[in-house]
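Read the structure below first, then the notes.
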Amino acid sequence: MFKAEFDDDFINLLADKIADRAYEKLTDRLSVYSDWPPILSKADLESYCGIKNNKASELLNDPRHFPVTRELGRPKVAKHLLILWIEQNTEWVKLNAPVLYRRLDEYRKTAV
């Protein structure tokens, strides 16, 4: 049976490289957000998030847990709040990629 042992420096270097690659890929995907309007309608939410009408309605009718405003007439979502909500509701990133999560937090602060 093959057994490999690595010191902490190598493991940390490898983890940093993986986090850097994941961060690059994620920022490429997040750059798509810059094409979105600052305020999203229900139709925008469906289109940009790839969800159906029922899911969009469910989210827009839950202002305690979703960043929706009705002050503009029909329900609307501010783009930066939607991105923040997605980040905050992505538990996997927080639990499994803390370096990436910190970088996301830095990105969020500069993007808003």
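Labeling convention for the structure tokens: chains A, B, ... as they appear, residues from 1 per chain, ligands from 1 in order of appearance.
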Going by DSSP on the backbone, which bits of chain A are alpha helix (DSSP H)? Write them as a VMD selection string, please. chain A and resid 8 to 30 42 to 49 53 to 60 79 to 88 91 to 96 98 to 111
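The shell of residues at most 6 Å from stretch 30-44 of chain A, with only C-alpha atoms counted and near chain neighbours (fewer than 3 positions) removed, consists of Thr27, Ser47, Tyr48, Lys76, Val77, Ala78 and Lys79 of chain A.
With distances restricted to only C-alpha atoms, A:Pro75 is the closest residue to A:Pro63 from A:Pro75, A:Gly50, A:Leu13, A:Leu95.
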So how far away is atom CA of A:Trp85 from atom CA of A:Val68, in Å?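 Separation between atom CA of A:Val68 and atom CA of A:Trp85: 10.7 Å.
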Kindly indicate which residue among A:Pro67, A:Ala22, A:Glu46, A:Asn12 lies nearest to A:His80, using only C-alpha atoms for the distances.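 Once distances to A:His80 are computed over only C-alpha atoms, the minimum belongs to A:Pro67.
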Return the single residue from A:Ile51, A:Phe6, A:Leu72, A:Tyr23 that is closest to A:Arg102, with distances computed using only C-alpha atoms.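 Ranked by minimum distance to A:Arg102, first place goes to A:Tyr23.
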Which residue, A:Asn61, A:Leu82, A:Glu24, A:Ala19, has the smallest gap to A:Leu45 when you use only C-alpha atoms?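 Of all the options, A:Leu82 lies closest to A:Leu45.
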Interatomic distance, atom CA of A:Lys55 to atom CA of A:Gly73 (Å, one decimal):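 Going from atom CA of A:Lys55 over to atom CA of A:Gly73 covers 20.0 Å.
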DSSP-assigned strand (DSSP E) among chain A, expressed as a PyMOL selection string: chain A and resi 39-40+68-69+76-78
Could you write those residues out with C-alpha atoms, as a PDB file, in the first residue's frame?
```pdb
ATOM      1  CA  ILE A  39     -32.411  46.923  -9.095  1.00  0.00           C
ATOM      2  CA  LEU A  40     -33.830  43.563 -10.185  1.00  0.00           C
ATOM      3  CA  VAL A  68     -36.857  42.396  -1.112  1.00  0.00           C
ATOM      4  CA  THR A  69     -38.378  45.871  -1.144  1.00  0.00           C
ATOM      5  CA  LYS A  76     -37.665  44.534  -6.315  1.00  0.00           C
ATOM      6  CA  VAL A  77     -34.272  43.295  -5.165  1.00  0.00           C
ATOM      7  CA  ALA A  78     -31.111  45.393  -4.992  1.00  0.00           C
TER       8      ALA A  78
END
```
